[in-house]
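These notes are about the structure you will find just below.
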Amino acid sequence: MLRCIQLAGTVFHAYVRETYNGLNYLSSRFETGKPGDFKLTTMRGHSGYINVFDLYRRNIVSVSAYSTLKLWRVTSDKPVHTCSGHGGVITAVRFNEMYIVSGATDNTAKVWDTTTGTLMHTLQHNVRF
């Protein structure tokens, strides 16, 4: 899994890497535009596979197989916030400077505050066939 965005003259790559023990780690790489000049950060903190992640400016939200969201600054290997509360596997995540929105197999979408990591809303979808 690889994502790449351009940030005011710098190129930012984020990717998930599998290790020998089966866990995934999130890595980010900044290229400043000068040949060979980059910063590589490896973010460890999830206890399982990383299902999905999203990038916004200089931040990353990653989601583990155990339905935990983590917000990271791309220059730090420690999460800013850890959010949990879904009863199923999180299959989608998007965020901006105000909100993180996650959707899961428990038929819920949750809205989290990006600055505090607190749960703001839970939206329940009742599927009837």
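By order in the structure tokens, chains are A, B, ...; within a chain, residues start at 1; ligands start at 1, following the order shown.
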
task = Quick one: everything within 10 Å of Glu97 in chain A, counting only C-alpha atoms, minus sequence neighbours fewer than 6 positions away in the same chain. Send it as a PyMOL selection string.
result = chain A and resi 56-57+59+113-115

Can you write out the residues you just picked, keeping N, CA and C atoms, as a tab-separated table (two decimals), in the first residue's frame?
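Written file, part-v6.tsv:
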chain	number	residue	atom	x	y	z
A	56	TYR	N	-3.29	13.65	5.19
A	56	TYR	CA	-3.80	15.01	5.07
A	56	TYR	C	-2.72	15.95	5.58
A	57	ARG	N	-2.27	16.80	4.71
A	57	ARG	CA	-1.17	17.71	5.01
A	57	ARG	C	0.00	16.92	5.58
A	59	ASN	N	-0.04	14.92	8.24
A	59	ASN	CA	-0.61	13.97	9.20
A	59	ASN	C	-1.05	12.70	8.49
A	113	ASP	N	-12.89	13.99	16.76
A	113	ASP	CA	-12.27	15.30	16.74
A	113	ASP	C	-10.77	15.12	16.48
A	114	THR	N	-10.25	15.74	15.43
A	114	THR	CA	-8.84	15.56	15.07
A	114	THR	C	-7.91	16.14	16.13
A	115	THR	N	-8.29	17.26	16.76
A	115	THR	CA	-7.38	17.90	17.72
A	115	THR	C	-7.32	17.20	19.07

query = What lies within 8 Å of range 119-125 of chain A using only C-alpha atoms, ignoring chain neighbours under 5 positions off, as a ChimeraX atom specification?
reply = /A:83,107-113

remark   = One decimal place gives the CA of His81 in chain A-CA of Arg94 in chain A separation as 15.2 Å

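If you count only C-alpha atoms and ignore residues fewer than 6 places along the chain from Ser64 in chain A, what sits within 7 Å of it is His46, Gly48, Tyr49, Ile50 and Asn51 of chain A.
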
Would you output that residue set with C-alpha atoms, as a short mmCIF file (atom, residue, chain, number, x, y, z; two decimals), in the first residue's frame?
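Result file out.cif:
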data_model
loop_
_atom_site.label_atom_id
_atom_site.label_comp_id
_atom_site.auth_asym_id
_atom_site.auth_seq_id
_atom_site.Cartn_x
_atom_site.Cartn_y
_atom_site.Cartn_z
CA HIS A 46 -0.52 -0.99 16.08
CA GLY A 48 -2.06 -5.96 14.19
CA TYR A 49 -2.16 -5.45 10.46
CA ILE A 50 -2.79 -1.98 9.10
CA ASN A 51 -5.96 -2.17 7.01
#

Selection: 9 Å around Thr82 in chain A, only C-alpha atoms, excl. self and same-chain fewer than 2 positions, as a list in words =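 Contacts, with the query itself left out: Thr68, Leu69, Lys70, Leu71, Pro79, Val80, Ser84 and Gly117 of chain A.
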
ask   = From the set A:Val93, A:Asp106, A:Gly87, A:Thr116, which residue has the shortest atom-to-atom contact distance to Val61 in chain A, counting only C-alpha atoms?
value =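 Ranking A:Val93, A:Asp106, A:Gly87, A:Thr116 by distance to Val61 in chain A, first place goes to A:Val93.
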
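For the pair CA of Ala65 in chain A and CA of Ser102 in chain A, the separation is 13.4 Å.
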
task = Skip Thr91 in chain A itself and residues of its chain fewer than 2 positions away, then list as a ChimeraX atom specification all residues within 7 Å of it, counting only C-alpha atoms.
result = /A:52,89,103-104

For the residues in that selection, give me N, CA and C atoms as a PDB file, in the first residue's frame.
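out_31.pdb, written as the output of this step:
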ATOM      1  N   VAL A  52      -5.972   0.182   6.498  1.00  0.00           N
ATOM      2  CA  VAL A  52      -6.164   1.346   5.643  1.00  0.00           C
ATOM      3  C   VAL A  52      -5.517   2.547   6.315  1.00  0.00           C
ATOM      4  N   VAL A  89     -14.613  -4.381  11.959  1.00  0.00           N
ATOM      5  CA  VAL A  89     -13.393  -3.992  11.270  1.00  0.00           C
ATOM      6  C   VAL A  89     -13.617  -2.660  10.552  1.00  0.00           C
ATOM      7  N   GLY A 103     -15.533   4.316   8.915  1.00  0.00           N
ATOM      8  CA  GLY A 103     -16.667   3.440   8.677  1.00  0.00           C
ATOM      9  C   GLY A 103     -16.248   1.998   8.891  1.00  0.00           C
ATOM     10  N   ALA A 104     -17.135   1.193   9.470  1.00  0.00           N
ATOM     11  CA  ALA A 104     -16.769  -0.172   9.843  1.00  0.00           C
ATOM     12  C   ALA A 104     -17.856  -1.172   9.479  1.00  0.00           C
TER      13      ALA A 104
END

ask   = CA of Trp72 in chain A to CA of Ile60 in chain A: how many Å, to one decimal?
value = 5.1 Å

task = Please report, as JSON, numbers by chain, each residue of range 67-113 of chain A to which DSSP assigns strand (DSSP E) when run on this structure's backbone.
result = {"A": [68, 69, 70, 71, 72, 73, 81, 82, 83, 84, 90, 91, 92, 93, 94, 95, 99, 100, 101, 102, 103, 104, 108, 109, 110, 111, 112, 113]}

With N, CA, C and O atoms retained, write the just-selected residues as a CSV table (one decimal), in the first residue's frame.
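Output contents, as saved in part23.csv:
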chain,number,residue,atom,x,y,z
A,68,THR,N,-8.6,-0.1,15.7
A,68,THR,CA,-8.0,1.1,16.4
A,68,THR,C,-7.5,2.1,15.3
A,68,THR,O,-6.8,1.7,14.4
A,69,LEU,N,-7.8,3.3,15.5
A,69,LEU,CA,-7.3,4.4,14.7
A,69,LEU,C,-6.2,5.1,15.4
A,69,LEU,O,-6.3,5.3,16.6
A,70,LYS,N,-5.2,5.5,14.7
A,70,LYS,CA,-4.1,6.3,15.2
A,70,LYS,C,-3.8,7.5,14.3
A,70,LYS,O,-3.7,7.3,13.1
A,71,LEU,N,-3.7,8.7,15.0
A,71,LEU,CA,-3.3,9.9,14.2
A,71,LEU,C,-1.8,10.1,14.5
A,71,LEU,O,-1.4,10.1,15.7
A,72,TRP,N,-1.1,10.4,13.4
A,72,TRP,CA,0.4,10.6,13.5
A,72,TRP,C,0.7,11.9,12.9
A,72,TRP,O,0.1,12.3,11.9
A,73,ARG,N,1.8,12.5,13.3
A,73,ARG,CA,2.5,13.5,12.6
A,73,ARG,C,3.6,12.8,11.8
A,73,ARG,O,4.2,11.9,12.3
A,81,HIS,N,-2.9,10.7,18.8
A,81,HIS,CA,-4.1,10.1,19.4
A,81,HIS,C,-4.3,8.7,19.0
A,81,HIS,O,-3.9,8.3,17.9
A,82,THR,N,-4.9,7.9,19.9
A,82,THR,CA,-5.4,6.6,19.6
A,82,THR,C,-6.9,6.6,19.9
A,82,THR,O,-7.3,6.9,21.0
A,83,CYS,N,-7.7,6.2,18.9
A,83,CYS,CA,-9.1,6.1,19.0
A,83,CYS,C,-9.6,4.7,18.8
A,83,CYS,O,-9.2,4.1,17.9
A,84,SER,N,-10.5,4.3,19.7
A,84,SER,CA,-11.2,3.0,19.5
A,84,SER,C,-12.6,3.1,19.9
A,84,SER,O,-13.0,4.0,20.6
A,90,ILE,N,-12.7,-1.7,10.7
A,90,ILE,CA,-12.8,-0.4,10.1
A,90,ILE,C,-12.3,-0.6,8.6
A,90,ILE,O,-11.2,-1.1,8.4
A,91,THR,N,-13.2,-0.2,7.7
A,91,THR,CA,-12.8,-0.5,6.3
A,91,THR,C,-12.6,0.8,5.5
A,91,THR,O,-12.1,0.8,4.4
A,92,ALA,N,-12.9,2.0,6.1
A,92,ALA,CA,-12.7,3.3,5.4
A,92,ALA,C,-12.3,4.3,6.5
A,92,ALA,O,-12.9,4.3,7.6
A,93,VAL,N,-11.5,5.3,6.1
A,93,VAL,CA,-11.1,6.4,6.9
A,93,VAL,C,-10.7,7.6,6.1
A,93,VAL,O,-10.1,7.4,5.0
A,94,ARG,N,-11.2,8.7,6.4
A,94,ARG,CA,-10.8,10.0,5.8
A,94,ARG,C,-10.8,11.0,6.9
A,94,ARG,O,-11.5,11.0,7.9
A,95,PHE,N,-9.9,12.1,6.7
A,95,PHE,CA,-9.9,13.1,7.7
A,95,PHE,C,-9.4,14.4,7.1
A,95,PHE,O,-8.9,14.5,6.0
A,99,TYR,N,-12.0,16.9,11.5
A,99,TYR,CA,-12.6,15.6,11.8
A,99,TYR,C,-11.9,14.4,11.2
A,99,TYR,O,-11.3,14.5,10.1
A,100,ILE,N,-12.0,13.3,11.9
A,100,ILE,CA,-11.7,12.0,11.3
A,100,ILE,C,-13.0,11.2,11.2
A,100,ILE,O,-13.7,11.1,12.2
A,101,VAL,N,-13.3,10.7,10.0
A,101,VAL,CA,-14.5,9.9,9.8
A,101,VAL,C,-14.1,8.5,9.5
A,101,VAL,O,-13.3,8.3,8.6
A,102,SER,N,-14.6,7.5,10.2
A,102,SER,CA,-14.3,6.1,10.0
A,102,SER,C,-15.6,5.3,9.8
A,102,SER,O,-16.6,5.6,10.4
A,103,GLY,N,-15.5,4.3,8.9
A,103,GLY,CA,-16.7,3.4,8.7
A,103,GLY,C,-16.2,2.0,8.9
A,103,GLY,O,-15.1,1.6,8.5
A,104,ALA,N,-17.1,1.2,9.5
A,104,ALA,CA,-16.8,-0.2,9.8
A,104,ALA,C,-17.9,-1.2,9.5
A,104,ALA,O,-19.0,-0.8,9.1
A,108,THR,N,-21.6,1.1,11.3
A,108,THR,CA,-21.5,2.5,11.9
A,108,THR,C,-20.4,3.3,11.2
A,108,THR,O,-19.5,2.8,10.7
A,109,ALA,N,-20.6,4.6,11.3
A,109,ALA,CA,-19.6,5.6,10.9
A,109,ALA,C,-19.4,6.4,12.1
A,109,ALA,O,-20.4,6.8,12.8
A,110,LYS,N,-18.2,6.7,12.5
A,110,LYS,CA,-17.9,7.5,13.6
A,110,LYS,C,-17.1,8.7,13.2
A,110,LYS,O,-16.3,8.7,12.3
A,111,VAL,N,-17.4,9.8,13.9
A,111,VAL,CA,-16.8,11.1,13.7
A,111,VAL,C,-16.0,11.4,14.9
A,111,VAL,O,-16.5,11.5,16.0
A,112,TRP,N,-14.7,11.6,14.7
A,112,TRP,CA,-13.7,11.9,15.8
A,112,TRP,C,-13.2,13.3,15.7
A,112,TRP,O,-13.0,13.8,14.5
A,113,ASP,N,-12.9,14.0,16.8
A,113,ASP,CA,-12.3,15.3,16.7
A,113,ASP,C,-10.8,15.1,16.5
A,113,ASP,O,-10.1,14.4,17.2
